[in-house]
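*Asks:* Sharing coords.cif, mmCIF, C-alpha atoms:
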data_data
loop_
_atom_site.group_PDB
_atom_site.id
_atom_site.type_symbol
_atom_site.label_atom_id
_atom_site.label_comp_id
_atom_site.auth_asym_id
_atom_site.auth_seq_id
_atom_site.Cartn_x
_atom_site.Cartn_y
_atom_site.Cartn_z
ATOM 1 C CA MET A 1 -65.803 117.862 16.109
ATOM 2 C CA SER A 2 -66.782 120.182 18.977
ATOM 3 C CA VAL A 3 -70.165 121.844 19.089
ATOM 4 C CA GLN A 4 -70.090 125.444 20.253
ATOM 5 C CA THR A 5 -72.823 126.662 22.573
ATOM 6 C CA PRO A 6 -74.919 129.737 21.714
ATOM 7 C CA ALA A 7 -73.226 131.585 24.579
ATOM 8 C CA THR A 8 -69.786 130.846 23.102
ATOM 9 C CA LEU A 9 -70.890 131.959 19.655
ATOM 10 C CA ARG A 10 -72.314 135.207 21.065
ATOM 11 C CA LYS A 11 -69.043 135.922 22.861
ATOM 12 C CA GLN A 12 -67.008 135.250 19.715
ATOM 13 C CA ALA A 13 -69.283 137.494 17.664
ATOM 14 C CA SER A 14 -68.928 140.267 20.256
ATOM 15 C CA GLN A 15 -65.142 139.996 20.297
ATOM 16 C CA ALA A 16 -65.043 140.145 16.505
ATOM 17 C CA LEU A 17 -67.119 143.332 16.470
ATOM 18 C CA LEU A 18 -64.979 144.971 19.147
ATOM 19 C CA ARG A 19 -61.908 144.631 16.940
ATOM 20 C CA ASN A 20 -63.460 147.248 14.648
ATOM 21 C CA GLU A 21 -65.275 149.973 16.599
ATOM 22 C CA ASP A 22 -66.733 151.693 13.536
ATOM 23 C CA LEU A 23 -68.121 148.391 12.292
ATOM 24 C CA ALA A 24 -69.558 147.582 15.703
ATOM 25 C CA ILE A 25 -71.336 150.943 15.964
ATOM 26 C CA SER A 26 -72.746 150.747 12.446
ATOM 27 C CA ALA A 27 -73.907 147.169 13.064
ATOM 28 C CA LEU A 28 -76.077 148.144 16.030
ATOM 29 C CA GLU A 29 -79.029 148.856 13.730
ATOM 30 C CA GLN A 30 -79.127 145.209 12.643
ATOM 31 C CA LEU A 31 -77.891 143.679 15.900
ATOM 32 C CA PRO A 32 -80.337 141.116 17.385
ATOM 33 C CA MET A 33 -81.511 141.974 20.899
ATOM 34 C CA GLU A 34 -80.009 138.811 22.357
ATOM 35 C CA LEU A 35 -76.504 139.960 21.359
ATOM 36 C CA PHE A 36 -76.730 143.304 23.150
ATOM 37 C CA PRO A 37 -75.916 142.097 26.701
ATOM 38 C CA GLU A 38 -72.796 140.136 25.677
ATOM 39 C CA LEU A 39 -71.468 142.885 23.402
ATOM 40 C CA PHE A 40 -72.132 145.528 26.054
ATOM 41 C CA LYS A 41 -70.383 143.439 28.704
ATOM 42 C CA GLU A 42 -67.300 142.974 26.532
ATOM 43 C CA ALA A 43 -67.247 146.643 25.463
ATOM 44 C CA PHE A 44 -67.574 147.763 29.078
ATOM 45 C CA LYS A 45 -64.811 145.465 30.309
ATOM 46 C CA GLY A 46 -62.553 146.531 27.433
ATOM 47 C CA ARG A 47 -63.290 150.244 28.034
ATOM 48 C CA HIS A 48 -64.476 150.806 24.479
ATOM 49 C CA THR A 49 -66.182 154.058 25.450
ATOM 50 C CA ARG A 50 -67.421 154.910 21.912
ATOM 51 C CA ILE A 51 -69.192 151.570 21.624
ATOM 52 C CA VAL A 52 -70.513 151.846 25.198
ATOM 53 C CA LYS A 53 -72.062 155.249 24.392
ATOM 54 C CA ALA A 54 -73.638 153.995 21.192
ATOM 55 C CA MET A 55 -75.000 150.850 22.839
ATOM 56 C CA VAL A 56 -76.566 152.683 25.780
ATOM 57 C CA ALA A 57 -78.228 155.105 23.369
ATOM 58 C CA ALA A 58 -79.597 152.124 21.429
ATOM 59 C CA TRP A 59 -80.306 149.939 24.479
ATOM 60 C CA PRO A 60 -83.465 147.858 23.789
ATOM 61 C CA PHE A 61 -84.244 146.825 27.379
ATOM 62 C CA PRO A 62 -85.835 148.870 30.216
ATOM 63 C CA CYS A 63 -83.111 147.961 32.735
ATOM 64 C CA LEU A 64 -79.424 148.884 32.433
ATOM 65 C CA PRO A 65 -77.449 147.080 35.203
ATOM 66 C CA VAL A 66 -74.087 148.852 35.102
ATOM 67 C CA GLY A 67 -72.645 148.474 38.585
ATOM 68 C CA THR A 68 -72.514 144.695 38.531
ATOM 69 C CA LEU A 69 -70.145 144.800 35.527
ATOM 70 C CA MET A 70 -67.504 146.828 37.296
ATOM 71 C CA LYS A 71 -64.929 145.024 39.407
ATOM 72 C CA THR A 72 -62.807 148.148 39.615
ATOM 73 C CA PRO A 73 -64.044 151.728 39.281
ATOM 74 C CA ASP A 74 -63.395 153.385 35.927
ATOM 75 C CA LEU A 75 -64.665 156.956 35.782
ATOM 76 C CA GLU A 76 -64.231 157.363 32.024
ATOM 77 C CA THR A 77 -66.382 154.342 31.155
ATOM 78 C CA PHE A 78 -68.995 155.214 33.776
ATOM 79 C CA GLN A 79 -69.180 158.797 32.489
ATOM 80 C CA ALA A 80 -69.682 157.436 28.973
ATOM 81 C CA VAL A 81 -72.713 155.514 30.237
ATOM 82 C CA LEU A 82 -74.233 158.592 31.885
ATOM 83 C CA ASP A 83 -73.584 160.724 28.798
ATOM 84 C CA ALA A 84 -75.260 158.166 26.576
ATOM 85 C CA VAL A 85 -78.277 157.794 28.868
ATOM 86 C CA ASP A 86 -78.788 161.533 28.622
ATOM 87 C CA MET A 87 -78.518 161.343 24.823
ATOM 88 C CA GLN A 88 -81.345 158.825 24.515
ATOM 89 C CA LEU A 89 -84.030 161.468 24.539
ATOM 90 C CA ALA A 90 -82.090 164.486 23.355
ATOM 91 C CA ARG A 91 -80.601 162.952 20.205
ATOM 92 C CA LYS A 92 -82.745 159.874 19.556
ATOM 93 C CA PHE A 93 -79.563 158.204 18.429
ATOM 94 C CA HIS A 94 -81.210 154.998 17.225
ATOM 95 C CA PRO A 95 -84.781 153.740 16.187
ATOM 96 C CA ARG A 96 -84.606 150.889 18.895
ATOM 97 C CA CYS A 97 -83.512 153.649 21.433
ATOM 98 C CA LEU A 98 -85.861 154.205 24.384
ATOM 99 C CA ARG A 99 -88.535 156.829 23.647
ATOM 100 C CA SER A 100 -89.259 157.304 27.325
ATOM 101 C CA PRO A 101 -86.897 157.980 30.244
ATOM 102 C CA LEU A 102 -85.058 155.144 31.934
ATOM 103 C CA GLU A 103 -87.248 153.252 34.425
ATOM 104 C CA THR A 104 -84.598 151.263 36.311
ATOM 105 C CA LEU A 105 -81.110 152.287 37.381
ATOM 106 C CA SER A 106 -79.021 149.628 39.114
ATOM 107 C CA ILE A 107 -75.527 150.605 40.286
ATOM 108 C CA THR A 108 -74.438 148.116 42.939
ATOM 109 C CA GLY A 109 -71.103 147.642 44.659
ATOM 110 C CA TYR A 110 -69.560 150.576 42.787
ATOM 111 C CA ILE A 111 -67.293 153.262 44.264
ATOM 112 C CA LEU A 112 -68.849 156.573 43.290
ATOM 113 C CA SER A 113 -66.885 159.802 43.248
ATOM 114 C CA GLU A 114 -68.369 163.181 44.114
ATOM 115 C CA SER A 115 -68.496 164.084 40.418
ATOM 116 C CA ASP A 116 -70.318 160.826 39.607
ATOM 117 C CA LEU A 117 -73.030 161.604 42.128
ATOM 118 C CA ASN A 118 -73.314 165.194 40.958
ATOM 119 C CA ASP A 119 -74.242 163.952 37.478
ATOM 120 C CA PHE A 120 -77.356 162.111 38.671
ATOM 121 C CA PRO A 121 -79.801 165.005 39.153
ATOM 122 C CA CYS A 122 -78.586 166.566 35.874
ATOM 123 C CA CYS A 123 -79.371 163.469 33.808
ATOM 124 C CA HIS A 124 -82.713 164.192 32.119
ATOM 125 C CA SER A 125 -83.286 160.535 31.265
ATOM 126 C CA LEU A 126 -83.632 159.730 34.967
ATOM 127 C CA CYS A 127 -86.556 162.102 35.501
ATOM 128 C CA GLN A 128 -89.165 159.296 35.403
ATOM 129 C CA LEU A 129 -87.155 156.717 37.330
ATOM 130 C CA LYS A 130 -89.239 153.983 38.979
ATOM 131 C CA HIS A 131 -86.564 151.777 40.519
ATOM 132 C CA LEU A 132 -83.242 152.911 42.012
ATOM 133 C CA ASP A 133 -80.824 150.274 43.315
ATOM 134 C CA MET A 134 -77.567 151.517 44.852
ATOM 135 C CA ARG A 135 -76.769 148.596 47.168
ATOM 136 C CA GLY A 136 -73.207 148.654 48.394
ATOM 137 C CA VAL A 137 -72.417 152.057 46.901
ATOM 138 C CA VAL A 138 -70.406 153.797 49.627
ATOM 139 C CA LEU A 139 -71.990 157.182 50.338
ATOM 140 C CA LEU A 140 -70.376 157.822 53.723
ATOM 141 C CA THR A 141 -67.824 160.386 52.535
ATOM 142 C CA LEU A 142 -69.994 161.974 49.837
ATOM 143 C CA ASP A 143 -72.311 164.952 49.979
ATOM 144 C CA PRO A 144 -75.827 163.413 49.777
ATOM 145 C CA MET A 145 -77.393 166.573 48.302
ATOM 146 C CA PRO A 146 -77.256 165.319 44.675
ATOM 147 C CA LEU A 147 -79.034 162.142 45.752
ATOM 148 C CA ARG A 148 -81.638 164.256 47.549
ATOM 149 C CA LEU A 149 -82.144 166.337 44.395
ATOM 150 C CA LEU A 150 -82.580 163.165 42.338
ATOM 151 C CA LEU A 151 -85.124 161.792 44.824
ATOM 152 C CA GLU A 152 -87.035 165.060 44.720
ATOM 153 C CA THR A 153 -87.036 164.929 40.924
ATOM 154 C CA VAL A 154 -88.402 161.370 40.759
ATOM 155 C CA ALA A 155 -90.680 161.588 43.812
ATOM 156 C CA HIS A 156 -93.735 161.396 41.533
ATOM 157 C CA SER A 157 -92.574 158.138 39.910
ATOM 158 C CA LEU A 158 -90.201 156.233 42.234
ATOM 159 C CA GLN A 159 -91.592 152.869 43.349
ATOM 160 C CA SER A 160 -88.590 151.091 44.889
ATOM 161 C CA LEU A 161 -85.420 152.314 46.546
ATOM 162 C CA ASP A 162 -82.529 150.148 47.722
ATOM 163 C CA LEU A 163 -79.741 151.856 49.673
ATOM 164 C CA GLU A 164 -78.600 148.807 51.633
ATOM 165 C CA GLY A 165 -74.988 148.798 52.762
ATOM 166 C CA CYS A 166 -74.200 152.373 51.702
ATOM 167 C CA GLY A 167 -72.501 153.251 54.986
ATOM 168 C CA MET A 168 -74.753 156.237 55.605
ATOM 169 C CA GLU A 169 -74.937 157.970 58.979
ATOM 170 C CA ASP A 170 -77.418 160.239 60.768
ATOM 171 C CA SER A 171 -76.496 163.469 58.999
ATOM 172 C CA GLN A 172 -77.081 161.932 55.579
ATOM 173 C CA LEU A 173 -80.431 160.394 56.496
ATOM 174 C CA THR A 174 -81.528 163.706 58.014
ATOM 175 C CA LEU A 175 -80.785 165.422 54.711
ATOM 176 C CA LEU A 176 -82.597 162.770 52.666
ATOM 177 C CA THR A 177 -85.714 162.543 54.875
ATOM 178 C CA PRO A 178 -87.617 165.491 53.304
ATOM 179 C CA ALA A 179 -87.092 164.036 49.835
ATOM 180 C CA LEU A 180 -88.082 160.534 50.953
ATOM 181 C CA ASN A 181 -91.266 161.978 52.424
ATOM 182 C CA LEU A 182 -92.252 163.192 48.942
ATOM 183 C CA CYS A 183 -92.003 159.720 47.383
ATOM 184 C CA SER A 184 -95.657 158.785 47.811
ATOM 185 C CA LEU A 185 -95.581 155.928 45.252
ATOM 186 C CA LEU A 186 -92.899 153.919 47.050
ATOM 187 C CA THR A 187 -93.824 150.279 47.552
ATOM 188 C CA LYS A 188 -90.413 149.000 48.688
ATOM 189 C CA VAL A 189 -87.527 150.610 50.543
ATOM 190 C CA ASN A 190 -84.364 149.044 51.958
ATOM 191 C CA LEU A 191 -82.038 151.035 54.221
ATOM 192 C CA CYS A 192 -80.384 148.109 56.041
ATOM 193 C CA ASP A 193 -76.682 148.059 56.889
ATOM 194 C CA ASN A 194 -76.436 151.803 57.503
ATOM 195 C CA ASP A 195 -75.559 153.461 60.833
ATOM 196 C CA PHE A 196 -78.563 155.387 62.143
ATOM 197 C CA SER A 197 -79.388 156.328 65.720
ATOM 198 C CA MET A 198 -82.851 155.739 67.127
ATOM 199 C CA PRO A 199 -83.958 159.427 67.163
ATOM 200 C CA ILE A 200 -82.993 159.956 63.519
ATOM 201 C CA LEU A 201 -84.560 156.698 62.328
ATOM 202 C CA LYS A 202 -87.688 157.472 64.339
ATOM 203 C CA ASP A 203 -87.834 160.925 62.749
ATOM 204 C CA LEU A 204 -87.781 159.334 59.290
ATOM 205 C CA LEU A 205 -90.610 156.958 60.185
ATOM 206 C CA LEU A 206 -92.704 159.808 61.546
ATOM 207 C CA HIS A 207 -92.303 161.657 58.240
ATOM 208 C CA THR A 208 -93.639 158.835 56.070
ATOM 209 C CA ALA A 209 -97.368 159.299 56.629
ATOM 210 C CA ASN A 210 -97.943 159.479 52.867
ATOM 211 C CA TRP A 211 -96.307 156.115 52.155
ATOM 212 C CA SER A 212 -99.739 154.557 51.752
ATOM 213 C CA LYS A 213 -98.626 152.223 48.954
ATOM 214 C CA MET A 214 -95.705 150.806 50.932
ATOM 215 C CA ASN A 215 -95.811 147.019 51.285
ATOM 216 C CA GLY A 216 -92.232 146.185 52.189
ATOM 217 C CA GLU A 217 -89.800 148.298 54.211
ATOM 218 C CA GLN A 218 -86.462 147.270 55.704
ATOM 219 C CA TYR A 219 -84.440 149.290 58.187
ATOM 220 C CA PRO A 220 -81.256 148.782 60.202
ATOM 221 C CA ALA A 221 -81.585 148.224 63.909
ATOM 222 C CA PRO A 222 -80.522 151.550 65.483
ATOM 223 C CA LEU A 223 -77.039 152.019 66.908
ATOM 224 C CA GLU A 224 -78.497 151.850 70.411
ATOM 225 C CA CYS A 225 -79.059 148.102 69.841
ATOM 226 C CA TYR A 226 -75.302 147.447 70.183
ATOM 227 C CA ASP A 227 -72.950 147.580 73.136
ATOM 228 C CA ASP A 228 -69.701 149.551 73.256
ATOM 229 C CA LEU A 229 -67.823 146.737 71.512
ATOM 230 C CA GLY A 230 -70.295 146.507 68.663
ATOM 231 C CA TYR A 231 -72.003 143.339 69.849
ATOM 232 C CA ILE A 232 -75.786 142.993 69.638
ATOM 233 C CA ASP A 233 -77.534 143.874 72.899
ATOM 234 C CA THR A 234 -80.678 141.771 72.659
ATOM 235 C CA GLU A 235 -82.389 143.485 75.592
ATOM 236 C CA ARG A 236 -82.116 146.854 73.876
ATOM 237 C CA PHE A 237 -83.064 145.323 70.528
ATOM 238 C CA LEU A 238 -86.238 143.782 71.974
ATOM 239 C CA HIS A 239 -87.192 147.100 73.547
ATOM 240 C CA ILE A 240 -86.309 149.563 70.758
ATOM 241 C CA CYS A 241 -87.817 147.823 67.707
ATOM 242 C CA PRO A 242 -91.386 147.599 69.102
ATOM 243 C CA GLU A 243 -91.080 151.228 70.203
ATOM 244 C CA LEU A 244 -90.247 152.293 66.655
ATOM 245 C CA ILE A 245 -93.103 150.253 65.196
ATOM 246 C CA ASN A 246 -95.580 151.695 67.680
ATOM 247 C CA ALA A 247 -94.434 155.227 66.848
ATOM 248 C CA LEU A 248 -94.946 154.506 63.148
ATOM 249 C CA ARG A 249 -98.413 153.079 63.731
ATOM 250 C CA ALA A 250 -99.469 156.439 65.100
ATOM 251 C CA LYS A 251 -98.923 157.790 61.556
ATOM 252 C CA ARG A 252 -99.804 154.830 59.313
ATOM 253 C CA GLN A 253 -100.254 151.075 59.391
ATOM 254 C CA PRO A 254 -97.195 149.282 57.967
ATOM 255 C CA LYS A 255 -97.943 146.147 55.956
ATOM 256 C CA ARG A 256 -94.506 144.554 56.301
ATOM 257 C CA ILE A 257 -91.696 146.184 58.220
ATOM 258 C CA VAL A 258 -88.350 144.653 59.182
ATOM 259 C CA PHE A 259 -85.555 145.844 61.445
ATOM 260 C CA ALA A 260 -82.316 143.894 61.065
ATOM 261 C CA THR A 261 -79.032 144.058 62.954
ATOM 262 C CA ASP A 262 -75.600 143.607 61.467
ATOM 263 C CA THR A 263 -74.483 139.982 61.319
ATOM 264 C CA CYS A 264 -73.550 138.628 64.716
ATOM 265 C CA HIS A 265 -69.784 138.623 65.375
ATOM 266 C CA LYS A 266 -70.011 135.094 66.752
ATOM 267 C CA CYS A 267 -72.433 133.154 64.522
ATOM 268 C CA GLY A 268 -72.735 135.373 61.442
ATOM 269 C CA VAL A 269 -76.559 135.541 61.629
ATOM 270 C CA ARG A 270 -78.657 138.676 62.011
ATOM 271 C CA CYS A 271 -81.270 139.397 64.632
ATOM 272 C CA VAL A 272 -84.476 140.382 62.897
ATOM 273 C CA TYR A 273 -87.655 142.012 64.174
ATOM 274 C CA ASP A 274 -90.745 141.886 61.940
ATOM 275 C CA LEU A 275 -93.938 140.355 63.317
ATOM 276 C CA GLY A 276 -91.859 139.561 66.371
ATOM 277 C CA PRO A 277 -88.216 138.948 67.281
ATOM 278 C CA ARG A 278 -86.066 136.350 65.544
ATOM 279 C CA LEU A 279 -82.767 136.275 67.392
ATOM 280 C CA CYS A 280 -79.526 134.809 66.127
ATOM 281 C CA PRO A 281 -78.570 131.309 67.394
ATOM 282 C CA CYS A 282 -76.327 132.816 70.094
ATOM 283 C CA TRP A 283 -79.414 134.073 71.928
ATOM 284 C CA GLN A 284 -81.842 131.253 71.303
#
Take the structure in the file and give it back as structure tokens.
*Replies:*
Amino acid sequence: MSVQTPATLRKQASQALLRNEDLAISALEQLPMELFPELFKEAFKGRHTRIVKAMVAAWPFPCLPVGTLMKTPDLETFQAVLDAVDMQLARKFHPRCLRSPLETLSITGYILSESDLNDFPCCHSLCQLKHLDMRGVVLLTLDPMPLRLLLETVAHSLQSLDLEGCGMEDSQLTLLTPALNLCSLLTKVNLCDNDFSMPILKDLLLHTANWSKMNGEQYPAPLECYDDLGYIDTERFLHICPELINALRAKRQPKRIVFATDTCHKCGVRCVYDLGPRLCPCWQ
């Protein structure tokens, strides 16, 4: 006789509920908290948008990690999530629903459309956001103005921002810099794996005098740290990074600041400059 694990039983219970959407929605009032993640995962994967909406409105946890569930983009399901987040306060759909705005929004590795991004600043439940994680969300071809509007809206509450690997370039960072300057409660920021030139990155650093609470900031090594073939130029790297840090120190004293290159084409390791240089094995 086989003994089923709790994880297996939770999955079977979720699948049984999904076979009857009306039953699943009505059962949310009595659903134990530990069943929410598995049921949500299965509903999301199966594109049960009615159940997804109801579950987000009744979500009992402060963090809603949506992006990690999506292997392929599905606008309808994603829109259902955003609609339901906005309903949390407006409709108070459920007694276990959040009485305060969402604190953490994690959308990683997801392909956003222009309409997706436009929804962000309009979502009232994001107005008190403390943590925004958009790692790997490609922003290169999108208008960054909605993101700027969101940052301006949550400037009084945002504590961490992760935009690593978003493929941003100078024009987008230039547009975001005024909003980033307003985020005086930031303690962590990660902008690595984006393509910024030295003047634009330096301009950002010089506009962060009010980041007094910052204790961990990560930036990409500027484009000038690479040669014409895209290989790391260590001489430039060792000259540019201290120059940026010294420019920043004229405005404020960073507690922990890191500049990191792309991974080396030869050994797959980054060159990093924090308290000093840490070069990849090719240059050691």
*Asks:* Considering all atoms listed in the file, can you say which of A:Arg236, A:Ser125, A:Arg249, A:Lys255 comes closest to Pro277 of chain A?
*Replies:*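 Residue with the minimum atom-to-atom distance to Pro277 of chain A: A:Arg236.
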*Asks:* So how many Å separate atom CA of Ser160 of chain A and atom CA of Leu105 of chain A, to one decimal?
*Replies:* 10.7 Å
*Asks:* Written as a PyMOL selection string, which residues does the PyMOL selection byres ((chain A and resi 169) around 12) give for the file shown?
*Replies:* chain A and resi 138-144+165-168+170-176+191-198+200-201+220+222-223
*Asks:* Could you tell me which residues the PyMOL selection byres ((chain A and resi 132) around 6) grabs in this file, written as a ChimeraX atom specification?
*Replies:* /A:105,131,133,161
*Asks:* State, in Å with one decimal place, the distance from atom CA of His48 of chain A to atom CA of Leu147 of chain A.
*Replies:* 28.2 Å
*Asks:* Using the chain letters and numbers from this file, what does the PyMOL selection byres ((chain A and resi 188) around 7) select? Give the answer as a list of chain:residue names.
*Replies:*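 Output from the PyMOL selection byres ((chain A and resi 188) around 7), applied to this file: A:Gln159, A:Ser160, A:Leu161, A:Leu186, A:Thr187, A:Val189, A:Asn190, A:Met214, A:Asn215, A:Gly216, A:Glu217.
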*Asks:* Need to verify the contact set: Ile51 of chain A, 8 Å, only C-alpha atoms, exclusion of same-chain residues closer than 5 positions in sequence. Can you return it as an MDAnalysis selection string?
*Replies:* chainID A and resid 21 24:25 43
*Asks:* Dig up all the protein and nucleic acid residues within 12 Å of (-92.5, 152.2, 66.3) in the file frame, using only C-alpha atoms, and format them as a PDB file with C-alpha atoms, in the coordinates of the input.
*Replies:*
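As a result, result.pdb now contains:
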ATOM      1  CA  MET A 198     -82.851 155.739  67.127  1.00  0.00           C
ATOM      2  CA  PRO A 199     -83.958 159.427  67.163  1.00  0.00           C
ATOM      3  CA  LEU A 201     -84.560 156.698  62.328  1.00  0.00           C
ATOM      4  CA  LYS A 202     -87.688 157.472  64.339  1.00  0.00           C
ATOM      5  CA  ASP A 203     -87.834 160.925  62.749  1.00  0.00           C
ATOM      6  CA  LEU A 204     -87.781 159.334  59.290  1.00  0.00           C
ATOM      7  CA  LEU A 205     -90.610 156.958  60.185  1.00  0.00           C
ATOM      8  CA  LEU A 206     -92.704 159.808  61.546  1.00  0.00           C
ATOM      9  CA  TYR A 219     -84.440 149.290  58.187  1.00  0.00           C
ATOM     10  CA  ALA A 221     -81.585 148.224  63.909  1.00  0.00           C
ATOM     11  CA  LEU A 238     -86.238 143.782  71.974  1.00  0.00           C
ATOM     12  CA  HIS A 239     -87.192 147.100  73.547  1.00  0.00           C
ATOM     13  CA  ILE A 240     -86.309 149.563  70.758  1.00  0.00           C
ATOM     14  CA  CYS A 241     -87.817 147.823  67.707  1.00  0.00           C
ATOM     15  CA  PRO A 242     -91.386 147.599  69.102  1.00  0.00           C
ATOM     16  CA  GLU A 243     -91.080 151.228  70.203  1.00  0.00           C
ATOM     17  CA  LEU A 244     -90.247 152.293  66.655  1.00  0.00           C
ATOM     18  CA  ILE A 245     -93.103 150.253  65.196  1.00  0.00           C
ATOM     19  CA  ASN A 246     -95.580 151.695  67.680  1.00  0.00           C
ATOM     20  CA  ALA A 247     -94.434 155.227  66.848  1.00  0.00           C
ATOM     21  CA  LEU A 248     -94.946 154.506  63.148  1.00  0.00           C
ATOM     22  CA  ARG A 249     -98.413 153.079  63.731  1.00  0.00           C
ATOM     23  CA  ALA A 250     -99.469 156.439  65.100  1.00  0.00           C
ATOM     24  CA  LYS A 251     -98.923 157.790  61.556  1.00  0.00           C
ATOM     25  CA  ARG A 252     -99.804 154.830  59.313  1.00  0.00           C
ATOM     26  CA  GLN A 253    -100.254 151.075  59.391  1.00  0.00           C
ATOM     27  CA  PRO A 254     -97.195 149.282  57.967  1.00  0.00           C
ATOM     28  CA  ILE A 257     -91.696 146.184  58.220  1.00  0.00           C
ATOM     29  CA  VAL A 258     -88.350 144.653  59.182  1.00  0.00           C
ATOM     30  CA  PHE A 259     -85.555 145.844  61.445  1.00  0.00           C
ATOM     31  CA  TYR A 273     -87.655 142.012  64.174  1.00  0.00           C
ATOM     32  CA  ASP A 274     -90.745 141.886  61.940  1.00  0.00           C
TER      33      ASP A 274
END
*Asks:* Counting all atoms listed in the file, figure out which residue out of A:Asp227, A:Asp119, A:Glu164, A:Glu235 gets nearest to Leu149 of chain A.
*Replies:*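 Between A:Asp227, A:Asp119, A:Glu164, A:Glu235, the residue approaching Leu149 of chain A most closely is A:Asp119.
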*Asks:* Can you work out the spacing between atom CA of Arg19 of chain A and atom CA of Ile107 of chain A in Å, to one decimal?
*Replies:* 27.7 Å
*Asks:* Would you list the residues near (-75.1, 149.1, 46.7) (no more than 6 Å away, in the coordinates of the file, using only C-alpha atoms) as a VMD selection string?
*Replies:* chain A and resid 108 to 109 134 to 137
*Asks:* Nearest to Lys41 of chain A among A:His156, A:Lys11, A:Arg278, A:Lys53, with distances taken over all atoms listed in the file: which residue is it?
*Replies:*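 Checking each candidate against Lys41 of chain A, we get A:Lys11 as the closest.
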*Asks:* Give me, as a PyMOL selection string, all polymer residues having an atom no more than 7 Å from segment 178-180 of chain A, counting all atoms listed in the file and skipping those fewer than 6 positions away in the same chain.
*Replies:* chain A and resi 148+151-152
*Asks:* Write out as a PDB file with C-alpha atoms, in the frame of the given file which residues come within 8 Å of Cys264 of chain A when counting only C-alpha atoms, dropping same-chain ones fewer than 6 positions away.
*Replies:*
ATOM      1  CA  TYR A 231     -72.003 143.339  69.849  1.00  0.00           C
ATOM      2  CA  ILE A 232     -75.786 142.993  69.638  1.00  0.00           C
ATOM      3  CA  ARG A 270     -78.657 138.676  62.011  1.00  0.00           C
ATOM      4  CA  CYS A 271     -81.270 139.397  64.632  1.00  0.00           C
ATOM      5  CA  CYS A 280     -79.526 134.809  66.127  1.00  0.00           C
TER       6      CYS A 280
END
*Asks:* Find, counting only C-alpha atoms, the residue in A:Asp262, A:Glu34, A:Glu42, A:Asp162 that gets nearest to Cys225 of chain A.
*Replies:*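 Of A:Asp262, A:Glu34, A:Glu42, A:Asp162, the one nearest Cys225 of chain A, counting only C-alpha atoms, is A:Asp262.
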*Asks:* Can you list, as a CSV table (one decimal) with C-alpha atoms, in the coordinates of the input, every protein, DNA or RNA residue that comes within 10 Å of Cys122 of chain A when you count only C-alpha atoms, leaving out same-chain residues fewer than 3 positions away?
*Replies:*
chain,number,residue,atom,x,y,z
A,82,LEU,CA,-74.2,158.6,31.9
A,86,ASP,CA,-78.8,161.5,28.6
A,117,LEU,CA,-73.0,161.6,42.1
A,118,ASN,CA,-73.3,165.2,41.0
A,119,ASP,CA,-74.2,164.0,37.5
A,125,SER,CA,-83.3,160.5,31.3
A,126,LEU,CA,-83.6,159.7,35.0
A,127,CYS,CA,-86.6,162.1,35.5
A,146,PRO,CA,-77.3,165.3,44.7
A,149,LEU,CA,-82.1,166.3,44.4
A,150,LEU,CA,-82.6,163.2,42.3
A,153,THR,CA,-87.0,164.9,40.9
